[in-house]
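Shown next: work27.cif, given as mmCIF, C-alpha atoms and all ligand atoms.
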data_upload
#
loop_
_atom_site.group_PDB
_atom_site.id
_atom_site.type_symbol
_atom_site.label_atom_id
_atom_site.label_comp_id
_atom_site.auth_asym_id
_atom_site.auth_seq_id
_atom_site.Cartn_x
_atom_site.Cartn_y
_atom_site.Cartn_z
ATOM 1 C CA MET A 238 86.731 81.259 -31.180
ATOM 2 C CA SER A 239 83.475 83.218 -31.390
ATOM 3 C CA GLN A 240 80.273 82.270 -29.598
ATOM 4 C CA ARG A 241 77.916 79.747 -31.226
ATOM 5 C CA GLU A 242 74.291 79.202 -30.344
ATOM 6 C CA LEU A 243 73.489 76.369 -27.940
ATOM 7 C CA GLN A 244 70.999 74.177 -29.816
ATOM 8 C CA ARG A 245 67.765 73.162 -28.054
ATOM 9 C CA ARG A 246 65.527 70.299 -29.134
ATOM 10 C CA PRO A 247 62.432 68.468 -27.822
ATOM 11 C CA ALA A 248 63.303 65.461 -25.645
ATOM 12 C CA ASP A 249 61.872 62.996 -28.182
ATOM 13 C CA THR A 250 64.097 64.161 -31.074
ATOM 14 C CA PRO A 251 65.481 61.103 -32.930
ATOM 15 C CA SER A 252 68.950 60.095 -31.729
ATOM 16 C CA GLU A 253 70.454 60.318 -35.228
ATOM 17 C CA GLU A 254 69.553 64.030 -35.415
ATOM 18 C CA LEU A 255 70.917 64.671 -31.909
ATOM 19 C CA ALA A 256 74.105 62.729 -32.657
ATOM 20 C CA LYS A 257 74.793 65.014 -35.645
ATOM 21 C CA ILE A 258 74.448 68.121 -33.448
ATOM 22 C CA LEU A 259 76.688 66.549 -30.805
ATOM 23 C CA LYS A 260 79.345 65.693 -33.375
ATOM 24 C CA ARG A 261 79.380 69.313 -34.630
ATOM 25 C CA ASP A 262 78.758 71.321 -31.429
ATOM 26 C CA GLY A 263 79.557 68.873 -28.612
ATOM 27 C CA CYS A 264 76.355 69.852 -26.805
ATOM 28 C CA VAL A 265 72.576 70.203 -27.047
ATOM 29 C CA VAL A 266 69.753 70.914 -24.576
ATOM 30 C CA LEU A 267 66.796 68.515 -24.468
ATOM 31 C CA LYS A 268 63.737 70.429 -23.327
ATOM 32 C CA ASP A 269 61.391 68.975 -20.683
ATOM 33 C CA PHE A 270 63.140 65.605 -20.516
ATOM 34 C CA ALA A 271 61.681 64.764 -17.083
ATOM 35 C CA SER A 272 58.272 65.701 -15.673
ATOM 36 C CA LYS A 273 57.780 67.799 -12.542
ATOM 37 C CA THR A 274 56.694 64.647 -10.674
ATOM 38 C CA GLN A 275 59.859 62.782 -11.752
ATOM 39 C CA ILE A 276 62.054 65.670 -10.617
ATOM 40 C CA GLU A 277 60.259 65.772 -7.244
ATOM 41 C CA SER A 278 60.818 62.018 -6.765
ATOM 42 C CA ILE A 279 64.506 62.262 -7.744
ATOM 43 C CA ASN A 280 64.933 65.167 -5.319
ATOM 44 C CA ARG A 281 63.221 63.139 -2.555
ATOM 45 C CA ASP A 282 65.591 60.200 -3.149
ATOM 46 C CA LEU A 283 68.701 62.371 -3.196
ATOM 47 C CA GLN A 284 67.997 65.053 -0.594
ATOM 48 C CA PRO A 285 69.319 63.180 2.487
ATOM 49 C CA PHE A 286 72.539 62.294 0.651
ATOM 50 C CA ILE A 287 73.007 65.761 -0.857
ATOM 51 C CA ASN A 288 72.400 67.449 2.510
ATOM 52 C CA ALA A 289 75.027 65.240 4.152
ATOM 53 C CA THR A 290 77.706 65.798 1.474
ATOM 54 C CA ALA A 291 80.702 67.927 2.444
ATOM 55 C CA LYS A 292 81.881 70.727 0.157
ATOM 56 C CA SER A 293 84.626 69.919 -2.352
ATOM 57 C CA SER A 294 88.005 71.334 -1.447
ATOM 58 C CA SER A 295 90.045 71.735 -4.614
ATOM 59 C CA ASP A 296 90.552 74.362 -7.302
ATOM 60 C CA PHE A 297 88.900 72.057 -9.830
ATOM 61 C CA GLY A 298 86.037 70.770 -7.665
ATOM 62 C CA GLY A 299 85.332 74.158 -6.098
ATOM 63 C CA PHE A 300 85.027 75.184 -2.467
ATOM 64 C CA LYS A 301 81.286 75.856 -2.432
ATOM 65 C CA THR A 302 80.176 72.866 -4.457
ATOM 66 C CA THR A 303 79.018 69.471 -3.260
ATOM 67 C CA ARG A 304 79.284 66.281 -5.309
ATOM 68 C CA THR A 305 77.174 63.341 -4.233
ATOM 69 C CA GLY A 306 77.899 60.000 -5.912
ATOM 70 C CA ALA A 307 76.802 56.324 -5.914
ATOM 71 C CA LEU A 308 73.425 57.363 -7.294
ATOM 72 C CA ILE A 309 72.588 53.960 -8.768
ATOM 73 C CA ALA A 310 72.980 52.334 -5.366
ATOM 74 C CA ARG A 311 71.207 55.159 -3.584
ATOM 75 C CA SER A 312 68.282 56.173 -5.740
ATOM 76 C CA PRO A 313 65.596 54.040 -7.447
ATOM 77 C CA ARG A 314 64.633 57.075 -9.559
ATOM 78 C CA CYS A 315 68.219 57.572 -10.797
ATOM 79 C CA ARG A 316 68.259 53.899 -11.786
ATOM 80 C CA GLU A 317 65.208 54.461 -13.988
ATOM 81 C CA LEU A 318 66.785 57.538 -15.500
ATOM 82 C CA ALA A 319 70.108 55.830 -16.275
ATOM 83 C CA ILE A 320 68.330 53.261 -18.475
ATOM 84 C CA ASP A 321 65.756 55.615 -19.989
ATOM 85 C CA PRO A 322 65.467 54.355 -23.594
ATOM 86 C CA ARG A 323 65.831 57.895 -24.983
ATOM 87 C CA MET A 324 69.165 58.239 -23.250
ATOM 88 C CA LEU A 325 70.462 54.753 -24.018
ATOM 89 C CA GLY A 326 69.391 55.189 -27.658
ATOM 90 C CA LEU A 327 71.426 58.382 -27.896
ATOM 91 C CA VAL A 328 74.454 56.888 -26.117
ATOM 92 C CA GLU A 329 74.430 53.884 -28.447
ATOM 93 C CA THR A 330 73.992 55.995 -31.580
ATOM 94 C CA PHE A 331 76.637 58.565 -30.678
ATOM 95 C CA LEU A 332 79.283 56.213 -29.269
ATOM 96 C CA ALA A 333 78.645 53.249 -31.627
ATOM 97 C CA PRO A 334 81.679 53.904 -33.880
ATOM 98 C CA TYR A 335 84.088 53.541 -30.947
ATOM 99 C CA ALA A 336 82.892 50.487 -28.980
ATOM 100 C CA ASN A 337 80.574 47.498 -28.972
ATOM 101 C CA THR A 338 79.393 47.962 -25.391
ATOM 102 C CA PHE A 339 78.875 50.956 -23.110
ATOM 103 C CA GLN A 340 78.989 51.512 -19.389
ATOM 104 C CA LEU A 341 78.386 54.051 -16.673
ATOM 105 C CA HIS A 342 81.288 56.376 -16.017
ATOM 106 C CA VAL A 343 80.001 58.787 -13.364
ATOM 107 C CA THR A 344 76.734 59.366 -11.498
ATOM 108 C CA GLN A 345 76.816 62.526 -9.427
ATOM 109 C CA ALA A 346 74.475 65.196 -8.085
ATOM 110 C CA ILE A 347 76.371 68.480 -8.364
ATOM 111 C CA ARG A 348 75.154 71.284 -6.113
ATOM 112 C CA VAL A 349 76.654 74.725 -6.708
ATOM 113 C CA LEU A 350 76.085 76.811 -3.599
ATOM 114 C CA PRO A 351 75.636 80.602 -3.427
ATOM 115 C CA GLY A 352 78.997 82.389 -3.589
ATOM 116 C CA GLU A 353 80.745 79.690 -5.650
ATOM 117 C CA THR A 354 83.045 81.031 -8.385
ATOM 118 C CA ALA A 355 83.132 79.707 -11.950
ATOM 119 C CA GLN A 356 84.842 76.358 -12.431
ATOM 120 C CA MET A 357 87.896 76.226 -14.693
ATOM 121 C CA PRO A 358 86.974 75.333 -18.280
ATOM 122 C CA HIS A 359 87.919 71.775 -19.144
ATOM 123 C CA ARG A 360 87.167 68.736 -21.257
ATOM 124 C CA ASP A 361 85.860 65.674 -19.444
ATOM 125 C CA ARG A 362 87.961 63.341 -21.627
ATOM 126 C CA TRP A 363 91.036 64.711 -19.866
ATOM 127 C CA ALA A 364 90.272 62.144 -17.143
ATOM 128 C CA TRP A 365 92.107 59.667 -19.384
ATOM 129 C CA SER A 366 94.936 61.783 -20.769
ATOM 130 C CA GLN A 367 96.050 64.037 -17.923
ATOM 131 C CA ILE A 368 98.565 62.619 -15.509
ATOM 132 C CA GLN A 369 98.035 62.813 -11.770
ATOM 133 C CA LEU A 370 101.262 64.347 -10.507
ATOM 134 C CA PRO A 371 102.379 66.900 -7.960
ATOM 135 C CA PRO A 372 101.793 70.402 -9.421
ATOM 136 C CA ASP A 373 105.426 71.129 -10.331
ATOM 137 C CA VAL A 374 106.082 67.941 -12.365
ATOM 138 C CA GLU A 375 105.974 68.050 -16.190
ATOM 139 C CA PRO A 376 104.635 66.830 -18.573
ATOM 140 C CA ARG A 377 101.080 67.068 -17.250
ATOM 141 C CA VAL A 378 99.686 65.060 -20.117
ATOM 142 C CA ASN A 379 100.363 61.688 -21.689
ATOM 143 C CA PRO A 380 100.807 62.735 -25.347
ATOM 144 C CA VAL A 381 99.815 59.357 -26.825
ATOM 145 C CA LEU A 382 96.563 59.273 -24.856
ATOM 146 C CA ALA A 383 95.849 62.926 -25.649
ATOM 147 C CA ARG A 384 96.181 62.175 -29.381
ATOM 148 C CA LEU A 385 94.113 59.001 -29.119
ATOM 149 C CA MET A 386 91.316 60.982 -27.481
ATOM 150 C CA THR A 387 91.107 63.248 -30.553
ATOM 151 C CA GLU A 388 90.437 60.200 -32.733
ATOM 152 C CA ILE A 389 87.555 58.792 -30.703
ATOM 153 C CA GLU A 390 84.599 60.049 -28.676
ATOM 154 C CA PRO A 391 85.189 58.388 -25.309
ATOM 155 C CA GLN A 392 82.034 59.487 -23.490
ATOM 156 C CA LEU A 393 78.602 61.089 -23.523
ATOM 157 C CA ASN A 394 77.275 63.054 -20.539
ATOM 158 C CA VAL A 395 73.965 64.402 -19.366
ATOM 159 C CA MET A 396 73.223 67.088 -16.798
ATOM 160 C CA LEU A 397 69.553 66.995 -15.788
ATOM 161 C CA ALA A 398 68.476 70.247 -14.139
ATOM 162 C CA LEU A 399 66.988 69.416 -10.714
ATOM 163 C CA THR A 400 66.565 73.160 -10.058
ATOM 164 C CA ASP A 401 66.250 75.815 -12.741
ATOM 165 C CA PHE A 402 69.668 76.582 -14.268
ATOM 166 C CA THR A 403 70.236 80.331 -14.789
ATOM 167 C CA ALA A 404 73.179 82.495 -15.806
ATOM 168 C CA THR A 405 73.315 83.850 -12.249
ATOM 169 C CA ASN A 406 72.905 80.629 -10.231
ATOM 170 C CA GLY A 407 75.751 78.629 -11.811
ATOM 171 C CA ALA A 408 74.278 77.082 -14.973
ATOM 172 C CA THR A 409 76.957 75.075 -16.784
ATOM 173 C CA ARG A 410 78.978 77.324 -19.106
ATOM 174 C CA ILE A 411 79.727 75.561 -22.368
ATOM 175 C CA ALA A 412 81.461 76.509 -25.624
ATOM 176 C CA PRO A 413 79.436 74.984 -28.506
ATOM 177 C CA GLY A 414 81.722 73.955 -31.360
ATOM 178 C CA SER A 415 84.878 73.817 -29.219
ATOM 179 C CA THR A 416 85.323 70.080 -29.845
ATOM 180 C CA GLN A 417 88.117 70.302 -32.426
ATOM 181 C CA LEU A 418 90.390 72.806 -30.647
ATOM 182 C CA PRO A 419 93.797 71.603 -29.476
ATOM 183 C CA ASP A 420 93.837 70.766 -25.748
ATOM 184 C CA ASP A 421 95.948 73.826 -24.930
ATOM 185 C CA GLU A 422 93.724 76.286 -26.812
ATOM 186 C CA ILE A 423 91.181 76.960 -24.091
ATOM 187 C CA PRO A 424 88.376 79.132 -25.505
ATOM 188 C CA ALA A 425 88.137 82.688 -24.201
ATOM 189 C CA ASP A 426 85.188 83.805 -22.050
ATOM 190 C CA GLU A 427 83.158 85.117 -25.011
ATOM 191 C CA ALA A 428 82.872 81.599 -26.504
ATOM 192 C CA TYR A 429 80.816 80.247 -23.592
ATOM 193 C CA VAL A 430 77.031 80.146 -23.334
ATOM 194 C CA SER A 431 75.221 79.582 -20.029
ATOM 195 C CA ALA A 432 73.127 76.445 -20.432
ATOM 196 C CA GLU A 433 70.048 78.094 -18.962
ATOM 197 C CA MET A 434 67.173 75.659 -18.615
ATOM 198 C CA LYS A 435 64.124 74.913 -16.524
ATOM 199 C CA SER A 436 64.251 72.096 -14.034
ATOM 200 C CA GLY A 437 63.446 68.879 -15.946
ATOM 201 C CA SER A 438 65.428 69.906 -19.031
ATOM 202 C CA MET A 439 68.803 68.351 -19.741
ATOM 203 C CA LEU A 440 72.142 69.420 -21.171
ATOM 204 C CA VAL A 441 73.766 66.621 -23.186
ATOM 205 C CA PHE A 442 77.493 67.082 -23.872
ATOM 206 C CA THR A 443 80.519 65.174 -25.054
ATOM 207 C CA GLY A 444 83.946 64.558 -23.556
ATOM 208 C CA ALA A 445 85.456 66.885 -26.174
ATOM 209 C CA VAL A 446 83.542 70.112 -25.513
ATOM 210 C CA PHE A 447 84.983 72.798 -23.210
ATOM 211 C CA HIS A 448 82.702 73.592 -20.290
ATOM 212 C CA GLY A 449 82.579 74.220 -16.522
ATOM 213 C CA ALA A 450 80.068 75.035 -13.800
ATOM 214 C CA GLY A 451 79.183 78.746 -13.698
ATOM 215 C CA ALA A 452 79.526 81.098 -10.719
ATOM 216 C CA ASN A 453 76.549 81.152 -8.351
ATOM 217 C CA GLU A 454 75.771 84.809 -7.701
ATOM 218 C CA SER A 455 72.220 84.043 -6.544
ATOM 219 C CA GLU A 456 70.908 83.174 -3.097
ATOM 220 C CA HIS A 457 69.783 79.670 -4.063
ATOM 221 C CA ASP A 458 71.462 76.346 -4.742
ATOM 222 C CA ARG A 459 71.837 75.102 -8.307
ATOM 223 C CA VAL A 460 71.527 71.320 -8.440
ATOM 224 C CA GLY A 461 72.193 69.135 -11.478
ATOM 225 C CA LEU A 462 72.128 65.380 -11.904
ATOM 226 C CA ASN A 463 75.153 64.332 -13.909
ATOM 227 C CA ILE A 464 75.219 60.883 -15.539
ATOM 228 C CA ASP A 465 78.136 60.056 -17.829
ATOM 229 C CA TYR A 466 78.471 57.009 -20.077
ATOM 230 C CA THR A 467 81.687 55.675 -21.561
ATOM 231 C CA LEU A 468 82.995 52.992 -23.895
ATOM 232 C CA GLY A 469 82.978 49.416 -22.599
ATOM 233 C CA TRP A 470 86.769 49.171 -22.931
ATOM 234 C CA LEU A 471 87.765 52.269 -20.951
ATOM 235 C CA ARG A 472 88.331 52.635 -17.194
ATOM 236 C CA GLN A 473 85.317 54.158 -15.422
ATOM 237 C CA GLU A 474 85.888 57.389 -13.478
ATOM 238 C CA ASP A 475 83.655 56.397 -10.563
ATOM 239 C CA ASN A 476 84.543 52.809 -9.644
ATOM 240 C CA GLN A 477 81.083 51.343 -10.113
ATOM 241 C CA TYR A 478 81.911 47.945 -8.544
ATOM 242 C CA LEU A 479 82.657 49.707 -5.267
ATOM 243 C CA SER A 480 79.989 52.417 -5.525
ATOM 244 C CA CYS A 481 77.377 49.778 -6.363
ATOM 245 C CA PRO A 482 78.715 46.489 -4.958
ATOM 246 C CA PRO A 483 77.306 43.042 -5.873
ATOM 247 C CA GLU A 484 75.050 42.923 -2.755
ATOM 248 C CA ILE A 485 73.076 45.834 -4.209
ATOM 249 C CA ALA A 486 73.631 45.235 -7.925
ATOM 250 C CA LYS A 487 72.208 41.683 -7.739
ATOM 251 C CA ASP A 488 68.659 43.053 -7.354
ATOM 252 C CA LEU A 489 68.842 45.599 -10.185
ATOM 253 C CA ASP A 490 67.543 45.491 -13.751
ATOM 254 C CA PRO A 491 69.937 43.376 -15.902
ATOM 255 C CA LYS A 492 70.394 46.359 -18.251
ATOM 256 C CA LEU A 493 71.620 48.402 -15.322
ATOM 257 C CA GLN A 494 73.855 45.567 -14.087
ATOM 258 C CA ALA A 495 75.535 45.473 -17.487
ATOM 259 C CA LEU A 496 75.914 49.269 -17.531
ATOM 260 C CA LEU A 497 77.597 49.163 -14.132
ATOM 261 C CA GLY A 498 80.103 46.715 -15.618
ATOM 262 C CA TYR A 499 78.730 43.397 -14.354
ATOM 263 C CA ALA A 500 78.918 41.848 -17.836
ATOM 264 C CA VAL A 501 81.632 40.676 -20.176
ATOM 265 C CA ALA A 502 82.346 43.337 -22.808
ATOM 266 C CA GLY A 503 83.456 42.030 -26.195
ATOM 267 C CA PRO A 504 84.973 38.545 -26.279
ATOM 268 C CA SER A 505 86.953 38.746 -23.059
ATOM 269 C CA LEU A 506 86.885 42.019 -21.098
ATOM 270 C CA GLY A 507 85.752 41.824 -17.511
ATOM 271 C CA TYR A 508 85.419 38.137 -16.641
ATOM 272 C CA PHE A 509 86.448 37.153 -13.124
ATOM 273 C CA THR A 510 87.625 34.219 -11.056
ATOM 274 C CA PRO A 511 86.271 33.861 -7.532
ATOM 275 C CA PRO A 512 89.333 33.279 -5.301
ATOM 276 C CA LEU A 513 87.570 30.350 -3.593
ATOM 277 C CA PRO A 514 86.579 27.568 -3.983
ATOM 278 C CA ALA A 515 89.168 26.081 -6.346
ATOM 279 C CA GLY A 516 87.779 24.997 -9.688
ATOM 280 C CA LYS A 517 85.543 27.922 -10.636
ATOM 281 C CA ASP A 518 87.532 29.875 -13.185
ATOM 282 C CA LEU A 519 86.915 32.586 -15.764
ATOM 283 C CA CYS A 520 83.282 33.307 -14.849
ATOM 284 C CA SER A 521 80.917 35.961 -16.132
ATOM 285 C CA PRO A 522 80.460 38.740 -13.550
ATOM 286 C CA ARG A 523 76.775 37.804 -13.553
ATOM 287 C CA ARG A 524 77.778 34.758 -11.520
ATOM 288 C CA ALA A 525 78.960 37.072 -8.725
ATOM 289 C CA LEU A 526 75.479 38.575 -8.692
ATOM 290 C CA ARG A 527 73.680 35.204 -8.701
ATOM 291 C CA GLU A 528 75.710 33.574 -5.938
ATOM 292 C CA ALA A 529 76.335 35.413 -2.707
ATOM 293 C CA SER A 530 79.998 34.905 -1.864
ATOM 294 C CA LYS A 531 81.048 33.897 1.625
ATOM 295 C CA PRO A 532 83.524 36.259 3.325
ATOM 296 C CA ILE A 533 87.149 35.400 2.598
ATOM 297 C CA ARG A 534 90.342 36.437 4.381
ATOM 298 C CA LEU A 535 94.022 35.596 4.031
ATOM 299 C CA ASP A 536 95.383 32.993 6.462
ATOM 300 C CA ALA A 537 98.756 33.233 8.260
ATOM 301 C CA ASP A 538 100.529 31.957 5.104
ATOM 302 C CA GLY A 539 98.811 34.534 2.900
ATOM 303 C CA ARG A 540 96.397 32.032 1.292
ATOM 304 C CA PRO A 541 92.681 32.776 0.917
ATOM 305 C CA GLU A 542 90.341 30.958 3.301
ATOM 306 C CA PHE A 543 86.621 31.193 3.971
ATOM 307 C CA VAL A 544 85.764 32.898 7.242
ATOM 308 C CA GLU A 545 83.732 30.278 9.133
HETATM 309 O O1 LIG F 601 78.245 71.305 -12.577
HETATM 310 C C1 LIG F 601 78.444 71.666 -13.737
HETATM 311 O O2 LIG F 601 77.720 72.454 -14.343
HETATM 312 C C2 LIG F 601 79.632 71.106 -14.507
HETATM 313 C C3 LIG F 601 80.581 70.348 -13.616
HETATM 314 C C4 LIG F 601 81.744 69.816 -14.364
HETATM 315 O O3 LIG F 601 81.951 70.065 -15.513
HETATM 316 C C5 LIG F 601 82.715 68.942 -13.686
HETATM 317 O O4 LIG F 601 82.774 68.939 -12.449
HETATM 318 O O5 LIG F 601 83.490 68.251 -14.375
#
Could you express the structure from this file as C-alpha cells?
Amino acid sequence: MSQRELQRRPADTPSEELAKILKRDGCVVLKDFASKTQIESINRDLQPFINATAKSSSDFGGFKTTRTGALIARSPRCRELAIDPRMLGLVETFLAPYANTFQLHVTQAIRVLPGETAQMPHRDRWAWSQIQLPPDVEPRVNPVLARLMTEIEPQLNVMLALTDFTATNGATRIAPGSTQLPDDEIPADEAYVSAEMKSGSMLVFTGAVFHGAGANESEHDRVGLNIDYTLGWLRQEDNQYLSCPPEIAKDLDPKLQALLGYAVAGPSLGYFTPPLPAGKDLCSPRRALREASKPIRLDADGRPEFVE
C-alpha cells in the first residue's frame, strides 16, 4: 500500500469527527492535548518508576526499551488522564457499536532508549487472536478469533508524548489506512509515517492499524504514555485487578474503579463471591472495594479459613 497522510486535529475536535477518521485511517494526532504543566507533573509521578524499570528482553518488546506499568495505582496524574472527558467521549463514540461498557486494557510508559532498533510492525488486536506457543509450533493464530477481530473494533489506544517524538528518536511509525489489510499482508516500509509530535500531543490509534515504535538514532530517550481501552466483555491485557488491587482501587474515583473492571458489565459479567463468610453470594465488585476483606488461607483440609 502507498503512504497516506497522518491526520492532525486540535484536541477539542468533536468525537464524532475523530471517530470517522479513526474508522478510515486507524489513527489521528491530537495536537496539544496536555499542557506543559500537566506533562511536567506526569513526568514527576512516573520518573522514579521509569528509572527503576529494567529493559525489555524480547524481539517484540525490544532490548533498549523500558515498559513501566500499573500507572493507575502509581500516578495520580495518570488517573486524571485516564478519565479525561475528551478521551472517554472518544472511546465511547468509537467503540459504542461493539460493547455497552468499556475498560482499561493497558497503562504503560514506553521509553525508547538511544540505539534501539525499530519494533516489528504489528496490530494491537493480535493480543486476542495470536496463540502463545513455542516458536516452531503452527498455527500461530486462532483463525476464528482472527476473523472475529475483523468484524469488530476491540480497542482504542492513546500515546501521549511525554518527550517530543521525532523521526530520529523513535516516534511511533504507523501506516494510516492499513486497517482493512489481511493480517498476513504487513505493509512495506514506505507505507509508514513517523508520528512526529511535540510533547503534550497525542497519537490516537486503533487495534487494527499497523504500527510499531521507531528506531532511536538520537542521543535522548523517547518517552510515551500509552493508555489502551477495550470492550467490557474482552480480557484485559494488563490484569488490572492485580496491577491496581482493591486496597488501592477503593480510594479512586468511581469512574476509574469501573474502568479498571470493578463493576458489573452488562447483566452479569464480573460479579464475584467472597470465599468467606458463607452466605454472601454473587456480589458487585464494588462490595470488595467498600469492605476490606480479612486475610484468608486454606486449612489442612483445603478449606478457606480466616487468618486470625
Ligand atoms: O512505543 C511505541 O511507539 C509503540 C509501542 C507498541 O506498539 C507496542 O509495544 O505494542
When the cut-off is 8 Å and you count only C-alpha atoms and all ligand atoms, which residues lie near ligand LIG 601 (chain F), shown as a ChimeraX atom specification? /A:297-298,347-349,356,358-361,396,407-410,448-451,460-461,463
In Å, how far is it from atom CA of A:Ala486 to atom CA of A:Tyr508?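 Distance between the two atoms: 16.3 Å.
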Nearest candidate to A:Leu243 (options A:Phe543, A:Tyr429, A:Tyr466, A:Phe447; using only C-alpha atoms):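 Ranking A:Phe543, A:Tyr429, A:Tyr466, A:Phe447 by distance to A:Leu243, first place goes to A:Tyr429.
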For stretch 308-336 of chain A versus stretch 375-392 of chain A, which residues have an atom no more than 10 Å away, and what is each residue's nearest atom pair and distance in Å rounded to one decimal, using only C-alpha atoms, chain-then-number order, as CSV?
residue,atom,partner,partner_atom,distance
A:Val328,CA,A:Gln392,CA,8.4
A:Phe331,CA,A:Glu390,CA,8.3
A:Leu332,CA,A:Glu390,CA,6.6
A:Ala333,CA,A:Glu390,CA,9.5
A:Pro334,CA,A:Ile389,CA,8.3
A:Tyr335,CA,A:Ile389,CA,6.3
A:Ala336,CA,A:Pro391,CA,9.0
Place a sphere of radius 12 Å on (73.2, 62.7, -0.4) in the file coordinates and name every protein, DNA or RNA residue with an atom inside or on its surface, counting only C-alpha atoms; give the answer as a VMD selection string. chain A and resid 279 to 292 303 to 308 310 to 312 345 to 348 460 462
Please indicate the distance in Å from atom CA of A:Gln473 to atom CA of A:Asp321, rounded to one decimal place. 20.1 Å
